[in-house]
$ cat coords-v9.txt   # compact mmCIF, C-alpha atoms
# COMPACT_ATOMS: atom_id res chain seq x y z
CA MET A 1 -28.74 -18.38 -72.44
CA ASN A 2 -27.55 -19.17 -75.95
CA PRO A 3 -24.37 -17.19 -76.83
CA SER A 4 -26.16 -15.88 -79.90
CA ASP A 5 -28.73 -14.27 -77.62
CA GLY A 6 -26.15 -12.16 -75.76
CA PRO A 7 -26.57 -8.41 -75.19
CA ALA A 8 -25.77 -5.94 -77.94
CA GLY A 9 -25.79 -2.23 -78.68
CA ASP A 10 -26.80 0.13 -75.88
CA GLU A 11 -27.48 -2.70 -73.45
CA LEU A 12 -23.98 -4.14 -73.93
CA ARG A 13 -22.41 -0.71 -73.43
CA GLU A 14 -24.38 -0.25 -70.19
CA LEU A 15 -23.28 -3.65 -68.93
CA ILE A 16 -19.64 -2.96 -69.81
CA ASP A 17 -19.90 0.22 -67.72
CA LEU A 18 -21.07 -1.95 -64.83
CA ALA A 19 -18.24 -4.49 -65.22
CA PRO A 20 -15.82 -2.81 -62.75
CA ALA A 21 -18.48 -2.74 -60.03
CA TYR A 22 -19.50 -6.34 -60.75
CA ALA A 23 -15.87 -7.48 -60.54
CA LEU A 24 -15.66 -5.92 -57.05
CA ASP A 25 -19.12 -7.15 -55.95
CA ALA A 26 -20.43 -3.58 -55.73
CA LEU A 27 -23.71 -3.97 -57.67
CA ASP A 28 -27.11 -4.08 -56.01
CA GLU A 29 -29.26 -7.22 -56.26
CA PHE A 30 -31.24 -6.02 -59.29
CA GLU A 31 -28.22 -5.03 -61.41
CA ARG A 32 -26.22 -8.10 -60.36
CA ALA A 33 -29.06 -10.42 -61.44
CA ARG A 34 -29.37 -8.59 -64.76
CA PHE A 35 -25.59 -8.67 -65.28
CA GLU A 36 -25.34 -12.40 -64.51
CA ARG A 37 -28.17 -13.22 -66.92
CA ALA A 38 -26.24 -11.55 -69.72
CA LEU A 39 -22.75 -12.72 -68.77
CA PRO A 40 -22.84 -16.33 -70.15
CA GLY A 41 -23.91 -15.10 -73.58
CA SER A 42 -21.29 -12.36 -73.98
CA PRO A 43 -17.58 -13.23 -74.32
CA GLU A 44 -16.84 -9.51 -74.53
CA LEU A 45 -18.53 -8.86 -71.20
CA GLN A 46 -16.75 -11.82 -69.59
CA ALA A 47 -13.41 -10.49 -70.85
CA GLU A 48 -14.13 -7.12 -69.23
CA VAL A 49 -14.88 -8.75 -65.88
CA ASP A 50 -11.77 -10.95 -66.05
CA SER A 51 -9.62 -7.93 -66.91
CA PHE A 52 -10.84 -5.85 -63.95
CA ARG A 53 -10.44 -8.77 -61.55
CA ALA A 54 -6.87 -9.31 -62.72
CA ILE A 55 -6.04 -5.62 -62.26
CA ALA A 56 -7.54 -5.55 -58.76
CA ALA A 57 -5.64 -8.71 -57.76
CA GLY A 58 -2.30 -7.33 -58.95
CA LEU A 59 -2.44 -3.80 -57.61
CA GLY A 60 -1.61 -4.86 -54.05
CA ASP A 61 1.81 -6.11 -55.17
CA ASP A 62 2.89 -2.57 -55.99
CA VAL A 63 1.90 -1.04 -52.65
CA ALA A 64 4.71 -0.69 -50.10
CA PRO A 65 3.85 -2.09 -46.64
CA LEU A 66 2.97 0.51 -44.03
CA ALA A 67 4.87 0.48 -40.76
CA PRO A 68 2.80 0.16 -37.56
CA PRO A 69 2.00 3.53 -35.98
CA PRO A 70 4.58 4.76 -33.42
CA SER A 71 1.83 4.83 -30.78
CA LEU A 72 1.32 1.05 -30.98
CA LYS A 73 3.92 0.05 -28.38
CA ALA A 74 2.98 2.84 -25.97
CA GLY A 75 -0.70 1.93 -26.22
CA LEU A 76 -0.02 -1.73 -25.60
CA PHE A 77 2.16 -1.07 -22.59
CA ASP A 78 -0.55 1.23 -21.19
CA ARG A 79 -2.95 -1.70 -21.41
CA LEU A 80 -0.41 -4.07 -19.92
CA ASP A 81 0.03 -1.79 -16.91
CA SER A 82 -3.61 -2.41 -15.99
CA ALA A 83 -3.39 -6.19 -16.46
CA PRO A 84 -2.66 -8.55 -13.52
CA GLN A 85 1.10 -8.70 -12.95
CA GLU A 86 2.93 -12.00 -12.49
CA GLN A 87 6.31 -12.52 -10.90
CA ARG A 88 9.33 -11.47 -12.92
CA ALA A 89 11.20 -14.49 -14.26
CA ALA A 90 14.57 -14.80 -12.50
CA GLY A 91 16.20 -16.70 -15.34
CA PRO A 92 15.85 -19.75 -17.61
CA ALA A 93 13.51 -22.33 -16.09
CA ALA A 94 13.13 -26.01 -16.79
CA PRO A 95 10.29 -26.81 -19.25
CA GLN A 96 7.11 -27.97 -17.59
CA GLY A 97 4.16 -29.78 -19.01
CA ARG A 98 0.96 -28.44 -20.37
CA ALA A 99 -2.25 -30.09 -21.44
CA ASP A 100 -2.71 -30.69 -25.13
CA VAL A 101 -5.00 -28.14 -26.73
CA ALA A 102 -7.55 -29.50 -29.15
CA GLU A 103 -7.76 -27.92 -32.55
CA PRO A 104 -11.04 -26.05 -33.09
CA ALA A 105 -13.51 -27.92 -35.26
CA PRO A 106 -13.72 -26.54 -38.80
CA PHE A 107 -16.95 -24.97 -39.85
CA ALA A 108 -18.52 -24.50 -43.21
CA PRO A 109 -19.29 -20.97 -44.37
CA ALA A 110 -22.95 -20.15 -44.55
CA GLU A 111 -24.52 -20.16 -47.98
CA PRO A 112 -25.12 -16.60 -49.21
CA VAL A 113 -28.75 -15.55 -49.22
CA ARG A 114 -29.84 -13.29 -52.03
CA ALA A 115 -33.18 -11.58 -52.03
CA GLU A 116 -35.18 -11.52 -55.24
CA PRO A 117 -34.98 -8.09 -56.92
CA ALA A 118 -38.08 -5.98 -56.58
CA PRO A 119 -39.96 -5.35 -59.84
CA VAL A 120 -39.52 -1.94 -61.47
CA ALA A 121 -42.72 -0.17 -62.36
CA ASP A 122 -42.00 0.97 -65.91
CA LEU A 123 -39.26 1.16 -68.54
CA GLY A 124 -38.51 4.84 -67.91
CA GLU A 125 -37.94 4.25 -64.21
CA ARG A 126 -35.80 1.20 -65.01
CA ARG A 127 -33.57 3.14 -67.40
CA SER A 128 -33.17 5.96 -64.88
CA ARG A 129 -32.22 3.42 -62.27
CA ARG A 130 -29.64 1.88 -64.61
CA ARG A 131 -28.02 5.25 -65.29
CA LEU A 132 -27.90 5.98 -61.56
CA ALA A 133 -26.43 2.54 -60.89
CA ILE A 134 -23.69 3.14 -63.45
CA ALA A 135 -22.73 6.44 -61.82
CA LEU A 136 -22.88 5.14 -58.26
CA SER A 137 -21.21 1.81 -58.99
CA SER A 138 -18.29 3.52 -60.71
CA ALA A 139 -17.66 5.60 -57.60
CA ALA A 140 -18.18 2.58 -55.35
CA ALA A 141 -15.79 0.51 -57.44
CA ALA A 142 -13.08 3.16 -57.12
CA VAL A 143 -13.51 3.35 -53.33
CA LEU A 144 -13.56 -0.44 -52.94
CA LEU A 145 -10.53 -0.85 -55.17
CA ILE A 146 -8.44 1.67 -53.24
CA THR A 147 -9.58 0.27 -49.88
CA SER A 148 -8.94 -3.34 -50.83
CA VAL A 149 -5.46 -2.54 -52.16
CA VAL A 150 -4.36 -0.54 -49.09
CA VAL A 151 -5.96 -2.80 -46.47
CA GLY A 152 -5.19 -6.05 -48.28
CA ALA A 153 -1.55 -5.20 -48.82
CA ASN A 154 -1.01 -4.40 -45.15
CA TRP A 155 -3.40 -6.77 -43.37
CA PHE A 156 -1.28 -9.90 -43.53
CA GLY A 157 2.17 -10.65 -42.13
CA PRO A 158 3.50 -11.01 -38.58
CA ASN A 159 3.21 -7.26 -37.95
CA GLY A 160 0.34 -6.41 -40.30
CA TRP A 161 -2.91 -4.78 -39.29
CA GLY A 162 -4.49 -8.16 -38.62
CA ALA A 163 -1.73 -9.02 -36.14
CA GLU A 164 -2.03 -5.57 -34.55
CA ARG A 165 -5.71 -6.19 -33.91
CA GLU A 166 -4.97 -9.61 -32.40
CA MET A 167 -2.21 -8.14 -30.24
CA SER A 168 -4.62 -5.54 -28.88
CA THR A 169 -7.25 -8.22 -28.25
CA ILE A 170 -4.83 -10.33 -26.20
CA ALA A 171 -3.68 -7.33 -24.13
CA ALA A 172 -7.30 -6.29 -23.46
CA ALA A 173 -8.53 -9.78 -22.47
CA PRO A 174 -10.07 -9.92 -18.97
CA ASP A 175 -7.55 -12.60 -17.90
CA ALA A 176 -4.52 -11.00 -19.60
CA GLN A 177 -1.23 -11.79 -17.85
CA GLN A 178 2.30 -10.51 -18.43
CA THR A 179 5.67 -11.94 -17.50
CA THR A 180 9.01 -10.22 -18.16
CA ALA A 181 12.40 -11.93 -18.44
CA GLU A 182 15.92 -10.72 -19.13
CA VAL A 183 17.57 -11.64 -22.43
CA ALA A 184 21.09 -13.04 -22.47
CA GLY A 185 23.32 -10.39 -24.04
CA GLY A 186 21.04 -7.52 -23.05
CA GLY A 187 17.44 -6.46 -23.37
CA GLU A 188 14.23 -7.93 -22.07
CA VAL A 189 11.15 -9.71 -23.37
CA THR A 190 7.59 -9.44 -22.05
CA LEU A 191 5.11 -12.22 -22.69
CA VAL A 192 1.45 -11.19 -22.84
CA SER A 193 -0.95 -14.10 -22.63
CA SER A 194 -4.62 -14.99 -22.28
CA ALA A 195 -5.62 -18.52 -21.27
CA GLU A 196 -9.21 -17.71 -22.18
CA LEU A 197 -8.25 -16.81 -25.74
CA GLY A 198 -5.51 -19.45 -25.94
CA ARG A 199 -3.17 -16.84 -27.45
CA SER A 200 0.02 -15.03 -26.50
CA ALA A 201 2.43 -12.41 -27.82
CA VAL A 202 5.83 -10.97 -26.97
CA LEU A 203 7.14 -7.42 -26.80
CA VAL A 204 10.93 -7.18 -26.93
CA ASP A 205 13.08 -4.23 -25.96
CA GLY A 206 16.82 -3.78 -26.41
CA LEU A 207 17.51 -7.00 -28.31
CA GLU A 208 20.59 -7.23 -30.49
CA GLN A 209 19.94 -6.77 -34.20
CA LEU A 210 20.89 -9.89 -36.13
CA GLY A 211 22.41 -10.14 -39.60
CA ASP A 212 20.61 -11.34 -42.73
CA GLU A 213 21.67 -14.94 -42.09
CA GLU A 214 20.04 -15.22 -38.64
CA THR A 215 16.65 -14.71 -37.05
CA TYR A 216 15.04 -14.98 -33.62
CA GLU A 217 12.68 -17.94 -33.25
CA LEU A 218 9.94 -18.42 -30.65
CA TRP A 219 9.11 -21.80 -29.12
CA TYR A 220 6.31 -23.29 -27.08
CA ILE A 221 7.96 -25.93 -24.89
CA ASP A 222 6.05 -28.60 -22.97
CA GLU A 223 6.63 -32.19 -21.89
CA SER A 224 6.56 -33.35 -25.51
CA GLY A 225 9.31 -30.94 -26.55
CA PRO A 226 9.63 -27.59 -28.34
CA VAL A 227 7.25 -26.48 -31.09
CA SER A 228 8.06 -23.46 -33.26
CA ALA A 229 5.79 -20.47 -32.65
CA GLY A 230 7.21 -18.26 -35.41
CA THR A 231 10.24 -16.10 -36.13
CA PHE A 232 10.91 -12.39 -35.80
CA ASP A 233 13.62 -9.84 -36.50
CA VAL A 234 14.32 -6.58 -34.70
CA PRO A 235 15.13 -3.16 -36.17
CA GLY A 236 18.11 -1.07 -35.19
CA ASP A 237 16.55 0.10 -31.92
CA GLY A 238 15.99 -3.51 -30.82
CA GLU A 239 12.27 -3.05 -30.19
CA THR A 240 9.48 -5.04 -31.79
CA TRP A 241 6.53 -7.37 -31.04
CA ARG A 242 5.16 -10.64 -32.34
CA VAL A 243 1.99 -12.69 -31.84
CA LEU A 244 2.99 -16.32 -31.32
CA GLU A 245 1.74 -18.94 -33.72
CA GLY A 246 -0.18 -21.88 -32.26
CA ASP A 247 -2.18 -22.32 -29.07
CA PHE A 248 -1.19 -21.00 -25.67
CA ALA A 249 -1.98 -22.86 -22.42
CA PRO A 250 -0.97 -21.95 -18.86
CA GLY A 251 2.14 -23.83 -17.74
CA VAL A 252 3.84 -23.81 -21.10
CA VAL A 253 7.39 -22.48 -21.37
CA VAL A 254 8.12 -19.86 -24.01
CA GLY A 255 11.68 -19.78 -25.30
CA ILE A 256 13.61 -17.62 -27.78
CA THR A 257 16.63 -18.88 -29.72
CA VAL A 258 18.81 -17.51 -32.50
CA GLU A 259 18.37 -19.63 -35.64
CA PRO A 260 19.43 -19.56 -39.30
CA ALA A 261 17.36 -17.26 -41.52
CA GLY A 262 13.93 -18.77 -42.12
CA GLY A 263 13.90 -20.61 -38.80
CA SER A 264 14.49 -24.22 -37.78
CA GLU A 265 12.25 -27.21 -37.11
CA GLN A 266 14.00 -27.73 -33.77
CA PRO A 267 16.20 -25.38 -31.71
CA THR A 268 19.85 -25.44 -32.77
CA THR A 269 21.19 -23.07 -30.09
CA GLU A 270 20.72 -22.44 -26.38
CA PRO A 271 17.81 -20.08 -25.65
CA VAL A 272 18.60 -16.43 -25.10
CA ALA A 273 15.40 -16.06 -23.05
CA VAL A 274 13.04 -18.48 -21.29
CA ILE A 275 9.68 -17.52 -19.77
CA GLN A 276 7.76 -19.87 -17.49
CA THR A 277 4.00 -19.29 -17.45
$ encode --input "coords-v9.txt" --output "structure tokens"
Amino acid sequence: MNPSDGPAGDELRELIDLAPAYALDALDEFERARFERALPGSPELQAEVDSFRAIAAGLGDDVAPLAPPPSLKAGLFDRLDSAPQEQRAAGPAAPQGRADVAEPAPFAPAEPVRAEPAPVADLGERRSRRRLAIALSSAAAAVLLITSVVVGANWFGPNGWGAEREMSTIAAAPDAQQTTAEVAGGGEVTLVSSAELGRSAVLVDGLEQLGDEETYELWYIDESGPVSAGTFDVPGDGETWRVLEGDFAPGVVVGITVEPAGGSEQPTTEPVAVIQT
């Protein structure tokens, strides 16, 4: 489309009304195709879309993270009670080997398939449909915006909703195992693992709260040495949980050390807890 042939008048105003829904991918196939035909020829319309996308991208920064529900730990321990129970670790054990775990092969996302819009019988019906689309898409855009801000702001992070879902998946796996070990200085740590999923997580209880300059760091330890599996901090009550980064395999040793804030590439202190799987 030549820029000089861009929309004007009533048509431009209708398209501007649709810009919020287009920016959030909330238009149906017919209106999206119409909008995208007009977009290259209208700098004003493009500016509207860019503005709404920028607003949607920035709103999540102003939303305070939500704490996990209090029922999370109780629900997880209820699931753990029904999982096969391993022997309680008597104390730190010597690292033992584990087979290397191959990285999963990357896959390319499928190309989106868009159906051709169905023809509209007459101009009156088309205009009525446009007015309805404007009303519905405005409501849809508001719902999508609120949902994306709340979910997006709290999905990521070591204890976000995404991690909560993964934690529940590990605990509910058919081959889920748990091993509990005492922590030097008080408290205990329970490792929940699934060889089938190749994932594991820890639940800690009664650990000492560290200062701002220190953090707890998790390690997978095998015959090739320790590999960091992420860091975690504990609140005042000493209770928290963390899904370990990287792949889990039976036979690996899981260790916890106290490291400088931000973690270390290799352990710099003796482990406060060691769990043999």
$ atom_distance --input "coords-v9.txt" --atom1 "CA of Val274 (chain A)" --atom2 "CA of Leu197 (chain A)"
21.8 Å
$ atom_distance --input "coords-v9.txt" --atom1 "CA of Val252 (chain A)" --atom2 "CA of Glu208 (chain A)"
25.4 Å
$ atom_distance --input "coords-v9.txt" --atom1 "CA of Asp222 (chain A)" --atom2 "CA of Thr277 (chain A)"
11.0 Å
$ residues_around --input "coords-v9.txt" --residues "Glu239 (chain A)" --least-positions-apart "5" --cutoff "6 Å" --atoms "only C-alpha atoms" --output "short mmCIF file (atom, residue, chain, number, x, y, z; two decimals) with C-alpha atoms, keeping the file's coordinate frame"
data_model
loop_
_atom_site.label_atom_id
_atom_site.label_comp_id
_atom_site.auth_asym_id
_atom_site.auth_seq_id
_atom_site.Cartn_x
_atom_site.Cartn_y
_atom_site.Cartn_z
CA VAL A 204 10.93 -7.18 -26.93
CA ASP A 205 13.08 -4.23 -25.96
CA GLY A 206 16.82 -3.78 -26.41
#
$ residues_near_point --input "coords-v9.txt" --point "(19.5, -9.9, -32.5)" --cutoff "8 Å" --atoms "all atoms listed in the file" --output "count of residues only"
11
$ residues_around --input "coords-v9.txt" --residues "Val192 (chain A)" --least-positions-apart "4" --cutoff "6 Å" --atoms "only C-alpha atoms" --output "PyMOL selection string"
chain A and resi 177-178+200-201
$ build_atoms --input "coords-v9.txt" --residues "region 179-215 of chain A" --atoms "N, CA and C atoms" --output "short mmCIF file (atom, residue, chain, number, x, y, z; two decimals), keeping the file's coordinate frame"
data_model
loop_
_atom_site.label_atom_id
_atom_site.label_comp_id
_atom_site.auth_asym_id
_atom_site.auth_seq_id
_atom_site.Cartn_x
_atom_site.Cartn_y
_atom_site.Cartn_z
N THR A 179 4.47 -11.47 -18.19
CA THR A 179 5.67 -11.94 -17.50
C THR A 179 6.88 -11.40 -18.26
N THR A 180 7.83 -10.82 -17.53
CA THR A 180 9.01 -10.22 -18.16
C THR A 180 10.25 -10.98 -17.75
N ALA A 181 11.14 -11.22 -18.70
CA ALA A 181 12.40 -11.93 -18.44
C ALA A 181 13.54 -11.19 -19.12
N GLU A 182 14.72 -11.29 -18.54
CA GLU A 182 15.92 -10.72 -19.13
C GLU A 182 16.38 -11.59 -20.30
N VAL A 183 17.03 -10.95 -21.27
CA VAL A 183 17.57 -11.64 -22.43
C VAL A 183 19.08 -11.72 -22.31
N ALA A 184 19.64 -12.89 -22.52
CA ALA A 184 21.09 -13.04 -22.47
C ALA A 184 21.72 -12.13 -23.53
N GLY A 185 22.69 -11.33 -23.12
CA GLY A 185 23.32 -10.39 -24.04
C GLY A 185 22.72 -9.02 -23.99
N GLY A 186 21.65 -8.84 -23.19
CA GLY A 186 21.04 -7.52 -23.05
C GLY A 186 19.63 -7.47 -23.58
N GLY A 187 18.83 -6.62 -22.96
CA GLY A 187 17.44 -6.46 -23.37
C GLY A 187 16.51 -7.29 -22.52
N GLU A 188 15.22 -7.17 -22.78
CA GLU A 188 14.23 -7.93 -22.07
C GLU A 188 13.06 -8.26 -22.98
N VAL A 189 12.31 -9.28 -22.60
CA VAL A 189 11.15 -9.71 -23.37
C VAL A 189 9.97 -9.86 -22.43
N THR A 190 8.81 -9.34 -22.84
CA THR A 190 7.59 -9.44 -22.05
C THR A 190 6.59 -10.31 -22.79
N LEU A 191 6.13 -11.35 -22.12
CA LEU A 191 5.11 -12.22 -22.69
C LEU A 191 3.74 -11.76 -22.21
N VAL A 192 2.83 -11.53 -23.14
CA VAL A 192 1.45 -11.19 -22.84
C VAL A 192 0.60 -12.39 -23.23
N SER A 193 -0.22 -12.88 -22.33
CA SER A 193 -0.95 -14.10 -22.63
C SER A 193 -2.38 -14.04 -22.10
N SER A 194 -3.24 -14.84 -22.72
CA SER A 194 -4.62 -14.99 -22.28
C SER A 194 -4.98 -16.46 -22.39
N ALA A 195 -5.20 -17.11 -21.25
CA ALA A 195 -5.62 -18.52 -21.27
C ALA A 195 -7.00 -18.65 -21.87
N GLU A 196 -7.86 -17.65 -21.64
CA GLU A 196 -9.21 -17.71 -22.18
C GLU A 196 -9.21 -17.70 -23.70
N LEU A 197 -8.35 -16.87 -24.28
CA LEU A 197 -8.25 -16.81 -25.74
C LEU A 197 -7.34 -17.91 -26.30
N GLY A 198 -6.47 -18.46 -25.46
CA GLY A 198 -5.51 -19.45 -25.94
C GLY A 198 -4.47 -18.84 -26.86
N ARG A 199 -4.11 -17.55 -26.59
CA ARG A 199 -3.17 -16.84 -27.45
C ARG A 199 -2.16 -16.09 -26.59
N SER A 200 -1.00 -15.80 -27.20
CA SER A 200 0.02 -15.03 -26.50
C SER A 200 0.83 -14.23 -27.51
N ALA A 201 1.60 -13.26 -26.98
CA ALA A 201 2.43 -12.41 -27.82
C ALA A 201 3.62 -11.93 -27.00
N VAL A 202 4.67 -11.51 -27.66
CA VAL A 202 5.83 -10.97 -26.97
C VAL A 202 6.10 -9.55 -27.43
N LEU A 203 6.60 -8.74 -26.50
CA LEU A 203 7.14 -7.42 -26.80
C LEU A 203 8.59 -7.46 -26.36
N VAL A 204 9.50 -7.12 -27.26
CA VAL A 204 10.93 -7.18 -26.93
C VAL A 204 11.52 -5.77 -26.97
N ASP A 205 12.47 -5.55 -26.10
CA ASP A 205 13.08 -4.23 -25.96
C ASP A 205 14.57 -4.40 -25.74
N GLY A 206 15.39 -3.77 -26.59
CA GLY A 206 16.82 -3.78 -26.41
C GLY A 206 17.53 -5.02 -26.93
N LEU A 207 16.86 -5.82 -27.76
CA LEU A 207 17.51 -7.00 -28.31
C LEU A 207 18.53 -6.62 -29.37
N GLU A 208 19.54 -7.45 -29.49
CA GLU A 208 20.59 -7.23 -30.49
C GLU A 208 20.02 -7.46 -31.88
N GLN A 209 20.35 -6.59 -32.81
CA GLN A 209 19.94 -6.77 -34.20
C GLN A 209 20.81 -7.83 -34.85
N LEU A 210 20.17 -8.79 -35.50
CA LEU A 210 20.89 -9.89 -36.13
C LEU A 210 21.18 -9.58 -37.60
N GLY A 211 22.12 -10.32 -38.18
CA GLY A 211 22.41 -10.14 -39.60
C GLY A 211 21.39 -10.85 -40.47
N ASP A 212 21.56 -10.76 -41.78
CA ASP A 212 20.61 -11.34 -42.73
C ASP A 212 20.57 -12.87 -42.66
N GLU A 213 21.60 -13.48 -42.11
CA GLU A 213 21.67 -14.94 -42.09
C GLU A 213 21.10 -15.55 -40.82
N GLU A 214 20.59 -14.72 -39.90
CA GLU A 214 20.04 -15.22 -38.64
C GLU A 214 18.70 -14.58 -38.34
N THR A 215 17.93 -15.23 -37.49
CA THR A 215 16.65 -14.71 -37.05
C THR A 215 16.36 -15.21 -35.64
#
